[in-house]
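A.B. asks: Pasting upload-v8.txt below, which is compact mmCIF, C-alpha atoms.
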# COMPACT_ATOMS: atom_id res chain seq x y z
CA MET A 510 -16.58 -1.25 173.07
CA ASP A 511 -15.88 0.87 169.95
CA GLU A 512 -12.13 0.62 169.33
CA GLN A 513 -12.20 2.58 166.06
CA LEU A 514 -14.09 5.46 167.68
CA LEU A 515 -11.54 5.65 170.49
CA GLN A 516 -8.69 5.54 167.97
CA ASN A 517 -10.20 8.41 165.95
CA LEU A 518 -10.85 10.57 169.01
CA LEU A 519 -7.38 9.88 170.37
CA ASP A 520 -5.76 10.79 167.04
CA LYS A 521 -7.57 14.13 167.13
CA TYR A 522 -6.57 14.63 170.76
CA LEU A 523 -2.89 14.01 170.01
CA THR A 524 -2.93 16.39 167.04
CA GLY A 525 -4.79 19.11 168.92
CA THR A 526 -7.86 19.03 166.68
CA LEU A 527 -10.31 17.61 169.22
CA LYS A 528 -13.47 19.71 169.54
CA ASP A 529 -15.21 20.35 172.87
CA GLN A 530 -18.08 17.97 172.09
CA GLU A 531 -15.66 15.25 171.03
CA ARG A 532 -13.60 15.84 174.18
CA ASP A 533 -16.69 15.24 176.30
CA HIS A 534 -17.35 12.02 174.40
CA LEU A 535 -13.75 10.88 174.82
CA ASN A 536 -13.88 11.58 178.56
CA LYS A 537 -17.06 9.53 178.90
CA LEU A 538 -15.45 6.61 177.09
CA LEU A 539 -12.37 6.73 179.30
CA GLN A 540 -14.46 6.67 182.47
CA GLN A 541 -15.39 3.13 181.51
CA PRO A 542 -12.90 0.61 182.96
CA ASP A 543 -12.90 -1.49 179.77
CA TYR A 544 -11.28 1.35 177.83
CA SER A 545 -8.25 1.74 180.12
CA GLY A 546 -6.42 -1.28 178.75
CA LEU A 547 -7.45 -0.42 175.19
CA LEU A 548 -5.98 3.06 175.55
CA GLU A 549 -2.70 1.62 176.78
CA ARG A 550 -2.48 -0.71 173.79
CA ILE A 551 -3.33 2.06 171.29
CA LEU A 552 -0.62 4.34 172.65
CA TYR A 553 1.89 1.51 172.65
CA ASP A 554 1.01 0.67 169.03
CA GLU A 555 1.30 4.36 168.13
CA LEU A 556 4.92 4.46 169.27
CA THR A 557 6.03 1.08 167.98
CA SER A 558 4.46 1.60 164.56
CA HIS A 559 6.54 2.94 161.71
CA ARG A 560 4.22 5.83 160.86
CA PHE A 561 6.67 8.20 162.51
CA GLU A 562 10.43 8.14 162.12
CA GLY A 563 13.28 10.34 163.36
CA GLU A 564 12.15 13.77 164.48
CA GLY A 565 8.54 12.86 163.76
CA HIS A 566 8.79 10.01 166.26
CA ASP A 567 10.18 12.42 168.87
CA ARG A 568 7.32 14.82 168.24
CA VAL A 569 4.80 12.06 168.94
CA LEU A 570 6.47 11.35 172.28
CA SER A 571 6.46 15.02 173.25
CA LEU A 572 2.88 15.48 172.07
CA ILE A 573 1.59 12.53 174.10
CA GLN A 574 3.41 13.77 177.18
CA GLU A 575 2.20 17.37 176.84
CA ASN A 576 -1.43 16.52 176.11
CA ILE A 577 -1.75 14.06 178.97
CA ARG A 578 -0.11 16.53 181.36
CA ASN A 579 -2.54 19.23 180.27
CA ALA A 580 -5.48 16.89 180.70
CA ILE A 581 -4.41 15.91 184.21
CA GLN A 582 -3.79 19.54 185.18
CA GLN A 583 -7.17 20.57 183.80
CA THR A 584 -8.80 17.76 185.76
CA ARG A 585 -7.22 18.98 189.01
CA LYS A 586 -8.24 22.59 188.39
CA THR A 587 -11.85 22.15 187.30
CA LYS A 588 -12.89 18.93 189.08
CA ILE A 589 -15.16 18.44 186.04
CA LEU A 590 -13.10 16.43 183.60
CA GLN A 591 -12.95 13.00 185.17
CA ILE A 592 -10.40 11.09 183.11
CA ARG A 593 -10.04 8.34 185.70
CA GLY A 594 -9.31 5.51 183.30
CA TRP A 595 -6.88 7.63 181.35
CA ALA A 596 -5.05 8.91 184.42
CA ALA A 597 -4.73 5.37 185.78
CA ALA A 598 -3.33 4.13 182.50
CA ALA A 599 -0.93 7.10 182.31
CA ALA A 600 0.38 6.45 185.81
CA ALA A 601 1.33 2.87 185.02
CA LEU A 602 2.11 3.12 181.32
CA ILE A 603 5.61 2.60 179.97
CA LEU A 604 5.81 3.25 176.25
CA ILE A 605 8.75 1.54 174.57
CA SER A 606 10.10 2.02 171.06
CA THR A 607 13.24 0.68 169.42
CA SER A 608 15.59 3.19 171.04
CA TYR A 609 13.57 5.29 173.49
CA ILE A 610 11.86 4.68 176.79
CA PHE A 611 9.23 7.24 177.75
CA PHE A 612 7.91 7.85 181.26
CA LEU A 613 4.70 9.74 181.92
CA ARG A 614 5.09 12.34 184.67
CA THR A 615 2.11 12.04 187.03
CA PRO A 616 1.27 13.40 190.49
CA ALA A 617 1.51 9.95 192.04
CA ARG A 618 4.33 7.44 191.99
CA PRO A 619 4.33 5.10 189.00
CA VAL A 620 3.01 1.62 189.63
CA VAL A 621 6.01 -0.69 189.64
CA THR A 622 5.94 -4.47 189.81
CA PRO A 623 8.46 -5.74 192.38
CA VAL A 624 11.39 -7.76 191.09
CA ALA A 625 12.51 -10.81 193.03
CA GLU A 626 15.97 -9.73 194.16
CA SER A 627 18.06 -10.30 197.25
CA GLY A 628 19.44 -7.43 199.29
CA ALA A 629 17.88 -4.34 200.79
CA ASP A 630 16.44 -1.65 198.58
CA ILE A 631 18.21 1.73 198.46
CA LEU A 632 16.11 4.76 199.31
CA PRO A 633 16.28 7.99 197.30
CA GLY A 634 18.24 10.98 198.50
CA GLY A 635 16.85 13.88 200.49
CA ASN A 636 17.54 17.19 202.22
CA LYS A 637 21.08 16.55 203.49
CA ALA A 638 24.17 18.74 203.76
CA ILE A 639 27.21 19.53 205.90
CA LEU A 640 28.10 23.11 206.86
CA THR A 641 31.82 23.68 207.46
CA LEU A 642 32.58 26.82 209.45
CA SER A 643 35.71 29.00 209.17
CA ASN A 644 37.35 27.20 212.10
CA GLY A 645 36.94 23.83 210.36
CA SER A 646 34.11 22.50 212.52
CA ALA A 647 31.39 20.64 210.62
CA ILE A 648 27.63 20.66 211.29
CA ARG A 649 25.33 18.01 209.85
CA LEU A 650 22.30 20.06 208.88
CA ASP A 651 19.91 17.14 208.32
CA SER A 652 20.20 16.22 212.00
CA THR A 653 20.35 19.79 213.36
CA SER A 654 17.30 21.44 214.93
CA ASN A 655 15.74 24.49 213.32
CA GLY A 656 16.85 27.87 214.60
CA THR A 657 20.29 29.38 215.08
CA VAL A 658 23.00 27.02 213.87
CA ALA A 659 26.03 29.25 214.43
CA ARG A 660 27.23 32.86 214.49
CA GLU A 661 30.30 34.05 212.63
CA SER A 662 31.68 37.56 212.13
CA GLU A 663 28.45 39.26 213.23
CA THR A 664 26.40 37.02 210.92
CA ASN A 665 23.65 34.75 212.22
CA ILE A 666 23.33 31.39 210.48
CA LEU A 667 19.84 29.94 210.77
CA LYS A 668 18.14 26.73 209.74
CA THR A 669 14.61 27.71 208.78
CA ASP A 670 11.40 25.80 209.47
CA SER A 671 11.43 24.69 205.82
CA GLY A 672 14.88 23.13 206.33
CA HIS A 673 16.90 25.73 204.41
CA LEU A 674 20.03 27.59 205.50
CA LEU A 675 19.75 31.38 205.90
CA TYR A 676 22.47 33.97 206.54
CA GLN A 677 21.55 37.22 208.31
CA ALA A 678 24.50 39.62 208.23
CA ALA A 679 24.79 42.63 210.52
CA SER A 680 24.80 46.00 208.76
CA ASN A 681 28.41 46.76 209.66
CA PRO A 682 30.57 47.64 206.62
CA GLU A 683 33.74 47.13 208.67
CA ALA A 684 32.88 43.57 209.66
CA VAL A 685 35.40 40.97 208.51
CA ALA A 686 33.71 38.13 206.66
CA ALA A 687 34.50 34.53 207.41
CA PHE A 688 34.30 31.79 204.77
CA ASN A 689 31.91 28.86 205.04
CA THR A 690 31.39 25.81 202.83
CA LEU A 691 28.09 24.01 202.30
CA SER A 692 28.49 20.50 200.90
CA THR A 693 25.91 17.92 199.87
CA PRO A 694 26.84 14.24 199.88
CA ARG A 695 25.79 11.80 197.22
CA GLY A 696 22.07 11.42 197.86
CA GLY A 697 21.62 14.95 199.20
CA THR A 698 20.29 18.33 198.09
CA PHE A 699 20.04 21.58 200.02
CA GLN A 700 18.90 25.18 199.65
CA LEU A 701 20.84 28.20 200.86
CA THR A 702 20.08 31.92 201.11
CA LEU A 703 23.25 34.02 201.22
CA SER A 704 23.60 37.24 203.21
CA ASP A 705 22.69 39.38 200.17
CA GLY A 706 19.45 37.46 199.60
CA THR A 707 20.76 35.38 196.68
CA ARG A 708 19.22 31.90 196.71
CA VAL A 709 21.20 28.78 195.84
CA TRP A 710 20.04 25.20 195.29
CA LEU A 711 22.74 22.52 195.51
CA ASN A 712 22.34 19.20 193.73
CA ALA A 713 23.81 15.96 195.06
CA ALA A 714 27.60 15.64 195.50
CA SER A 715 28.10 19.41 195.21
CA SER A 716 29.54 22.24 197.28
CA ILE A 717 29.66 26.02 197.49
CA LYS A 718 32.25 28.15 199.31
CA TYR A 719 31.14 31.68 200.19
CA PRO A 720 31.71 34.53 202.69
CA THR A 721 29.32 34.97 205.59
CA ALA A 722 28.83 38.57 204.42
CA PHE A 723 29.75 40.37 201.19
CA THR A 724 31.88 43.37 202.13
CA GLY A 725 34.22 43.96 199.16
CA LYS A 726 33.80 45.24 195.62
CA GLU A 727 32.49 41.91 194.39
CA ARG A 728 30.51 38.93 195.64
CA ARG A 729 32.44 35.78 194.74
CA VAL A 730 31.55 32.15 195.43
CA VAL A 731 33.11 28.88 194.29
CA ILE A 732 31.15 25.74 193.45
CA THR A 733 31.74 22.12 192.58
CA GLY A 734 29.10 19.80 191.15
CA GLU A 735 25.80 21.45 190.22
CA ALA A 736 23.96 24.50 191.54
CA TYR A 737 21.06 26.73 190.55
CA PHE A 738 21.25 30.45 191.39
CA GLU A 739 18.67 33.21 191.77
CA VAL A 740 20.93 36.21 192.20
CA ILE A 741 20.00 39.54 193.78
CA HIS A 742 21.50 41.96 191.30
CA ASN A 743 23.81 44.76 192.45
CA ALA A 744 25.69 46.55 189.67
CA LYS A 745 28.10 48.07 192.19
CA GLN A 746 28.96 44.66 193.64
CA PRO A 747 28.85 42.02 190.86
CA PHE A 748 28.12 38.42 191.76
CA ILE A 749 30.72 35.99 190.38
CA VAL A 750 30.58 32.19 190.41
CA SER A 751 33.78 30.21 189.83
CA ALA A 752 33.55 26.59 188.74
CA ASN A 753 36.68 24.79 187.57
CA ASN A 754 37.95 26.86 184.61
CA ILE A 755 34.96 29.17 184.14
CA GLU A 756 33.70 32.36 185.75
CA VAL A 757 30.06 33.44 185.55
CA THR A 758 29.21 37.08 186.34
CA ASP A 759 25.54 37.86 186.81
CA ILE A 760 23.68 40.81 185.38
CA GLY A 761 20.45 40.17 187.32
CA THR A 762 19.76 36.55 186.63
CA HIS A 763 18.65 32.97 187.26
CA PHE A 764 21.06 30.32 185.99
CA ASN A 765 22.23 26.73 186.46
CA ILE A 766 25.81 25.45 186.42
CA ASN A 767 26.63 21.76 185.99
CA ALA A 768 30.35 21.31 186.71
CA TYR A 769 30.69 17.69 187.82
CA GLU A 770 34.20 16.39 187.20
CA ASN A 771 32.95 13.16 185.61
CA GLU A 772 30.85 14.96 182.99
CA THR A 773 32.32 15.81 179.59
CA HIS A 774 31.46 19.54 179.69
CA ILE A 775 30.75 22.28 182.19
CA LYS A 776 27.27 23.46 181.24
CA THR A 777 26.02 26.93 182.16
CA THR A 778 22.35 27.54 181.35
CA LEU A 779 20.65 30.94 181.61
CA PHE A 780 16.95 31.14 182.47
CA GLU A 781 16.43 34.83 183.22
CA GLY A 782 18.43 38.05 182.88
CA SER A 783 21.92 37.81 181.42
CA ILE A 784 25.36 36.59 182.41
CA SER A 785 28.91 37.16 181.29
CA LEU A 786 30.83 33.91 180.91
CA LYS A 787 34.61 33.62 180.81
CA SER A 788 36.62 30.47 180.24
CA ASP A 789 39.84 29.34 178.60
CA HIS A 790 37.93 29.05 175.31
CA TYR A 791 35.68 32.08 175.10
CA ASN A 792 34.29 35.24 176.67
CA SER A 793 30.59 35.52 175.95
CA LEU A 794 27.36 37.14 177.02
CA LEU A 795 24.51 34.65 177.38
CA LYS A 796 20.87 35.41 176.70
CA PRO A 797 17.89 33.65 178.33
CA GLY A 798 17.46 30.14 176.92
CA GLU A 799 21.12 29.75 175.98
CA GLN A 800 23.53 27.16 177.31
CA ALA A 801 27.32 27.42 177.13
CA GLN A 802 29.33 24.21 177.13
CA SER A 803 32.92 24.57 178.27
CA GLY A 804 35.14 21.76 177.05
CA SER A 805 37.30 20.63 174.18
CA ASP A 806 34.48 21.49 171.72
CA SER A 807 33.14 24.55 173.55
CA LYS A 808 29.99 26.03 172.06
CA ILE A 809 26.84 27.99 172.91
CA ASN A 810 23.44 26.47 172.12
CA MET A 811 19.96 27.96 172.14
CA LEU A 812 17.77 25.49 174.05
CA GLN A 813 14.11 24.70 173.50
CA PRO A 814 11.65 24.96 176.46
CA GLU A 815 11.64 21.18 177.02
CA GLU A 816 15.44 21.20 177.12
CA LEU A 817 15.41 23.98 179.72
CA ASN A 818 12.99 21.90 181.80
CA GLN A 819 15.44 19.01 181.58
CA VAL A 820 18.31 21.15 182.90
CA ILE A 821 16.53 21.93 186.18
CA ALA A 822 14.50 18.73 186.53
CA TRP A 823 16.72 17.81 189.51
CA LYS A 824 15.59 21.01 191.28
CA THR A 825 11.91 20.08 190.86
CA GLY A 826 12.36 16.44 191.95
CA TYR A 827 12.75 14.55 188.66
CA PHE A 828 15.22 12.71 186.51
CA ASN A 829 14.81 13.95 182.94
CA PHE A 830 16.61 12.21 180.11
CA ARG A 831 16.73 13.41 176.51
CA ASP A 832 18.29 10.79 174.26
CA ALA A 833 20.72 9.90 177.08
CA ASP A 834 23.01 6.88 176.89
CA LEU A 835 23.27 4.37 179.74
CA PRO A 836 26.44 5.84 181.35
CA THR A 837 24.77 9.28 181.50
CA VAL A 838 21.75 7.77 183.27
CA MET A 839 23.94 5.79 185.66
CA ARG A 840 26.03 8.83 186.66
CA GLN A 841 22.85 10.51 187.86
CA LEU A 842 21.77 7.38 189.76
CA GLU A 843 25.22 7.16 191.40
CA ARG A 844 24.95 10.69 192.73
CA TRP A 845 21.35 10.43 193.92
CA TYR A 846 21.36 6.94 195.46
CA ASP A 847 24.98 7.03 196.72
CA ILE A 848 26.01 3.95 194.78
CA ASP A 849 28.86 2.91 192.50
CA VAL A 850 28.14 1.43 189.07
CA ARG A 851 30.28 -1.24 187.43
CA TYR A 852 29.82 -2.74 183.98
CA ASN A 853 30.40 -6.46 183.56
CA GLY A 854 31.32 -6.69 179.90
CA GLN A 855 30.50 -4.19 177.18
CA VAL A 856 28.27 -1.24 178.10
CA PRO A 857 24.78 -1.99 176.72
CA ALA A 858 23.81 0.29 173.83
CA ARG A 859 20.59 1.81 175.13
CA ARG A 860 19.21 5.34 174.93
CA PHE A 861 16.61 6.94 177.18
CA ARG A 862 14.10 9.76 176.90
CA GLY A 863 11.59 10.90 179.51
CA GLU A 864 11.09 11.54 183.21
CA LEU A 865 11.03 9.65 186.49
CA PRO A 866 10.41 11.03 189.99
CA ARG A 867 13.51 11.13 192.15
CA SER A 868 11.28 9.95 195.01
CA MET A 869 11.41 6.38 193.63
CA THR A 870 13.64 3.83 195.33
CA LEU A 871 16.59 2.46 193.39
CA LYS A 872 14.91 -0.88 192.74
CA GLU A 873 11.80 0.87 191.42
CA VAL A 874 13.95 2.72 188.91
CA LEU A 875 15.84 -0.43 187.99
CA ASN A 876 12.59 -2.34 187.50
CA VAL A 877 11.71 0.16 184.78
CA LEU A 878 15.14 -0.20 183.16
CA ARG A 879 14.74 -3.96 183.20
CA GLU A 880 11.73 -3.53 180.91
CA ILE A 881 14.18 -2.75 178.10
CA LYS A 882 16.52 -5.61 179.00
CA ILE A 883 18.98 -3.91 181.33
CA ASN A 884 20.22 -6.76 183.51
CA TYR A 885 21.72 -5.91 186.86
CA LYS A 886 22.71 -7.11 190.31
CA ILE A 887 22.94 -5.09 193.53
CA ASP A 888 25.80 -5.96 195.87
CA GLY A 889 25.64 -3.61 198.86
CA LYS A 890 26.32 -0.16 197.42
CA MET A 891 27.55 -1.59 194.11
CA LEU A 892 25.27 -1.81 191.09
CA ILE A 893 26.62 -4.25 188.49
CA ILE A 894 25.27 -3.95 184.92
CA TYR A 895 25.42 -7.03 182.68
CA ASN A 896 25.23 -6.93 178.90
Take the structure in this file and express it as C-alpha cells.
C.D. replies:
Amino acid sequence: MDEQLLQNLLDKYLTGTLKDQERDHLNKLLQQPDYSGLLERILYDELTSHRFEGEGHDRVLSLIQENIRNAIQQTRKTKILQIRGWAAAAAALILISTSYIFFLRTPARPVVTPVAESGADILPGGNKAILTLSNGSAIRLDSTSNGTVARESETNILKTDSGHLLYQAASNPEAVAAFNTLSTPRGGTFQLTLSDGTRVWLNAASSIKYPTAFTGKERRVVITGEAYFEVIHNAKQPFIVSANNIEVTDIGTHFNINAYENETHIKTTLFEGSISLKSDHYNSLLKPGEQAQSGSDSKINMLQPEELNQVIAWKTGYFNFRDADLPTVMRQLERWYDIDVRYNGQVPARRFRGELPRSMTLKEVLNVLREIKINYKIDGKMLIIYN
C-alpha cells in the first residue's frame, strides 16, 4: 500500500490540479478496501495539522466537502467512476479540528455508533400542520385524507397526493375572502399553494395567516417563525409579507424569512428577483444574494453561495451550521425534535460547521455531538447539557 502516492494524489485532488490519468489511478487505489481507512486518517490529519489557519482552514473544509460531493455526483451520473472505498469513508467520516466539526453530506444516512442510554429515542419531524378555518375549527392535515379538506367563500381547499395544501379560488371578483391560518408544530414542516399560485414552505414552529382568495389591491399575509416564498408576481396587486416589525413586498421573487422570536435578528434573504423591505430601522431594496438583518444592529449583507445554501438547508432536509455556537444548534434541535434544552452549569464553548440530515433521530445527532465532548442526558422531552 503506497501511502505517499495516495497523499500526493489526494493533495492534487483537493487543490483541483488532478489530471484525468491521475484521477483514474486514484479511483483504482480507492477501490481497494485497504485504502479506505488510510484515506480517513489522511483527511483527519489534514484538518488537525497546522498547515492551514483561520480562513485557510475554512477553505480546506469547504474544498473537501465540494470535491467529495462532486465525485459522488459524478459517480451517480456516469456509473463509471466507482469510488466505493472513498464513498464509504465519506459516509462515516467525522473530521474534527480544534473548533469545528465537519459533516460530509452523502445520499445515505451517516453511520452512527449507538450510545448506551436509557429512554426512548426521539424521531425527527415530518410533514405536519394544523389548518385553522375562519370559523375557528382546526384540521390536522397529517391525519387528513387527500382530496377536498374544506370549502370557504367559494374557494376549494385541497390536500394533494404529495401531501401539500392547495387553494383553488372561484373566479368571482365579488367573493368575500375568509382568513385561514396554517401552523406547523415543533417537529413539523408543510407546503402551501395560495389561491394566486404563490408557493410557501413553512419550517417547524411557524405559521402563516392568509385570505382564501386575494380580492383587494394587495395580497397580504402574516407569518411567524420561518417561511420560504416563491411568489407569483402581479404589479397591480403587490404581495406583502408581515413578520413582527418588518414588511417585505415582492417584485417577482423567491425569498426566505426567519422571524423566530428566540433568534437575535429577523433575517430576510433574497434568492431571485427583488424585494422592498421596510422596518423600524430602514427601508431598502434587496438584490439577489443579499440578506437583511432586522435588529438592534440592523444591516444588509451580501452572502456567498454556501451561505445561501445554509439559509434554505431546512427546506432541502438538512441542518447546516456555519461557525454556529451551541445555543444556536440547540434552538434548531428544539424546533425539529419538539424538545426543550436545559444547561446544567456553564454553556460549553463549542462551535460547529457543516451539515447533518434532518432525517436522523435525536440520539444519532447527539452521538455526533458527543464526539467533541458534549455531555448530555435525555429526560422525556428534556435534553440536559452538562459542561
A.B. asks: Find the residues with any atom within 9 Å of (14.0, 33.0, 175.4); use all atoms listed in the file and the coordinates as given in the file, and write the answer as a VMD selection string.
C.D. replies: chain A and resid 780 to 781 796 to 799 811 to 814
A.B. asks: Could you dump the residues just selected with C-alpha atoms as a short mmCIF file (atom, residue, chain, number, x, y, z; two decimals), keeping the file's coordinate frame?
C.D. replies:
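The new file part_23.cif reads:
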data_model
loop_
_atom_site.label_atom_id
_atom_site.label_comp_id
_atom_site.auth_asym_id
_atom_site.auth_seq_id
_atom_site.Cartn_x
_atom_site.Cartn_y
_atom_site.Cartn_z
CA PHE A 780 16.95 31.14 182.47
CA GLU A 781 16.43 34.83 183.22
CA LYS A 796 20.87 35.41 176.70
CA PRO A 797 17.89 33.65 178.33
CA GLY A 798 17.46 30.14 176.92
CA GLU A 799 21.12 29.75 175.98
CA MET A 811 19.96 27.96 172.14
CA LEU A 812 17.77 25.49 174.05
CA GLN A 813 14.11 24.70 173.50
CA PRO A 814 11.65 24.96 176.46
#
A.B. asks: Between CA of Ile639 (chain A) and CA of Asn689 (chain A), what is the distance in Å, rounded to a tenth?
C.D. replies: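 Answer for the CA of Ile639 (chain A) to CA of Asn689 (chain A) separation: 10.5 Å.
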A.B. asks: Which residues are close to Ser751 (chain A), i.e. within 12 Å by all atoms listed in the file, leaving aside same-chain residues fewer than 3 positions away? Reply as a list in words.
C.D. replies: Ser716, Ile717, Lys718, Tyr719, Arg728, Arg729, Val730, Val731, Ile732, Thr733, Gly734, Glu735, Ala736, Phe748, Asn754, Ile755, Glu756, Val757, Thr758, Asp759, Ile766, Asn767, Ala768, Ile775, Thr777, Leu786, Lys787 and Ser788 of chain A
A.B. asks: Export, as a PDB file, in the coordinates of the input, the selected residues with C-alpha atoms.
C.D. replies:
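Output (out-v3.pdb):
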ATOM      1  CA  SER A 716      29.540  22.240 197.280  1.00  0.00           C
ATOM      2  CA  ILE A 717      29.660  26.020 197.490  1.00  0.00           C
ATOM      3  CA  LYS A 718      32.250  28.150 199.310  1.00  0.00           C
ATOM      4  CA  TYR A 719      31.140  31.680 200.190  1.00  0.00           C
ATOM      5  CA  ARG A 728      30.510  38.930 195.640  1.00  0.00           C
ATOM      6  CA  ARG A 729      32.440  35.780 194.740  1.00  0.00           C
ATOM      7  CA  VAL A 730      31.550  32.150 195.430  1.00  0.00           C
ATOM      8  CA  VAL A 731      33.110  28.880 194.290  1.00  0.00           C
ATOM      9  CA  ILE A 732      31.150  25.740 193.450  1.00  0.00           C
ATOM     10  CA  THR A 733      31.740  22.120 192.580  1.00  0.00           C
ATOM     11  CA  GLY A 734      29.100  19.800 191.150  1.00  0.00           C
ATOM     12  CA  GLU A 735      25.800  21.450 190.220  1.00  0.00           C
ATOM     13  CA  ALA A 736      23.960  24.500 191.540  1.00  0.00           C
ATOM     14  CA  PHE A 748      28.120  38.420 191.760  1.00  0.00           C
ATOM     15  CA  ASN A 754      37.950  26.860 184.610  1.00  0.00           C
ATOM     16  CA  ILE A 755      34.960  29.170 184.140  1.00  0.00           C
ATOM     17  CA  GLU A 756      33.700  32.360 185.750  1.00  0.00           C
ATOM     18  CA  VAL A 757      30.060  33.440 185.550  1.00  0.00           C
ATOM     19  CA  THR A 758      29.210  37.080 186.340  1.00  0.00           C
ATOM     20  CA  ASP A 759      25.540  37.860 186.810  1.00  0.00           C
ATOM     21  CA  ILE A 766      25.810  25.450 186.420  1.00  0.00           C
ATOM     22  CA  ASN A 767      26.630  21.760 185.990  1.00  0.00           C
ATOM     23  CA  ALA A 768      30.350  21.310 186.710  1.00  0.00           C
ATOM     24  CA  ILE A 775      30.750  22.280 182.190  1.00  0.00           C
ATOM     25  CA  THR A 777      26.020  26.930 182.160  1.00  0.00           C
ATOM     26  CA  LEU A 786      30.830  33.910 180.910  1.00  0.00           C
ATOM     27  CA  LYS A 787      34.610  33.620 180.810  1.00  0.00           C
ATOM     28  CA  SER A 788      36.620  30.470 180.240  1.00  0.00           C
TER      29      SER A 788
END
A.B. asks: Could you name the residues that touch Asp670 (chain A) at 12 Å or less, counting all atoms listed in the file, but leaving out those on the same chain fewer than 5 positions away, as an mmCIF file with C-alpha atoms, keeping the file's coordinate frame?
C.D. replies:
data_model
loop_
_atom_site.group_PDB
_atom_site.id
_atom_site.type_symbol
_atom_site.label_atom_id
_atom_site.label_comp_id
_atom_site.auth_asym_id
_atom_site.auth_seq_id
_atom_site.Cartn_x
_atom_site.Cartn_y
_atom_site.Cartn_z
ATOM 1 C CA THR A 653 20.350 19.790 213.360
ATOM 2 C CA SER A 654 17.300 21.440 214.930
ATOM 3 C CA ASN A 655 15.740 24.490 213.320
ATOM 4 C CA GLY A 656 16.850 27.870 214.600
ATOM 5 C CA THR A 657 20.290 29.380 215.080
ATOM 6 C CA LEU A 675 19.750 31.380 205.900
#
A.B. asks: One number please: CA of Pro836 (chain A) to CA of Gln819 (chain A), in Å, one decimal.
C.D. replies: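 Interatomic distance here is 17.2 Å.
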A.B. asks: Give me, please, the distance in Å between CA of Lys886 (chain A) and CA of Asp847 (chain A), quoted to one decimal.
C.D. replies: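 Answer for the CA of Lys886 (chain A) to CA of Asp847 (chain A) separation: 15.7 Å.
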A.B. asks: Measuring between all atoms listed in the file, which one of A:Leu674, A:Leu701, A:Ile666, A:Leu892 shows the shortest distance to Thr721 (chain A)?
C.D. replies: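 Using all atoms listed in the file, the shortest distance to Thr721 (chain A) belongs to A:Ile666.
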A.B. asks: Would you list the residues near (31.0, 40.8, 196.9) (no more than 10 Å away, in the coordinates of the file, using all atoms listed in the file) as a VMD selection string?
C.D. replies: chain A and resid 705 719 to 720 722 to 730 743 745 to 749
A.B. asks: Nearest to Gln841 (chain A): which of A:Tyr769, A:Tyr895, A:Phe738, A:Tyr885 is it, counting all atoms listed in the file?
C.D. replies: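 Selected residue with least distance to Gln841 (chain A): A:Tyr769.
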A.B. asks: Just want the 9 Å neighbourhood of Thr664 (chain A), counted on only C-alpha atoms, with same-chain residues fewer than 6 positions away dropped. Output as a PyMOL selection string.
C.D. replies: chain A and resi 676-679+686+704+721-722
A.B. asks: Export, as an mmCIF file, in the coordinates of the input, the selected residues with C-alpha atoms.
C.D. replies:
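And here is the file that came out, result19.cif:
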data_model
loop_
_atom_site.group_PDB
_atom_site.id
_atom_site.type_symbol
_atom_site.label_atom_id
_atom_site.label_comp_id
_atom_site.auth_asym_id
_atom_site.auth_seq_id
_atom_site.Cartn_x
_atom_site.Cartn_y
_atom_site.Cartn_z
ATOM 1 C CA TYR A 676 22.470 33.970 206.540
ATOM 2 C CA GLN A 677 21.550 37.220 208.310
ATOM 3 C CA ALA A 678 24.500 39.620 208.230
ATOM 4 C CA ALA A 679 24.790 42.630 210.520
ATOM 5 C CA ALA A 686 33.710 38.130 206.660
ATOM 6 C CA SER A 704 23.600 37.240 203.210
ATOM 7 C CA THR A 721 29.320 34.970 205.590
ATOM 8 C CA ALA A 722 28.830 38.570 204.420
#
A.B. asks: Of the candidates A:Asn829, A:Arg840, A:Asn853, A:Leu691, which one gets nearest to Pro866 (chain A) if we count only C-alpha atoms?
C.D. replies: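 Among the listed residues, the smallest separation from Pro866 (chain A) belongs to A:Asn829.
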A.B. asks: I'd like the neighbourhood of Asp651 (chain A) as an MDAnalysis selection string, where a residue qualifies if any of its atoms comes within 7 Å (using only C-alpha atoms), though same-chain residues fewer than 6 positions away should be ignored.
C.D. replies: chainID A and resid 636:638
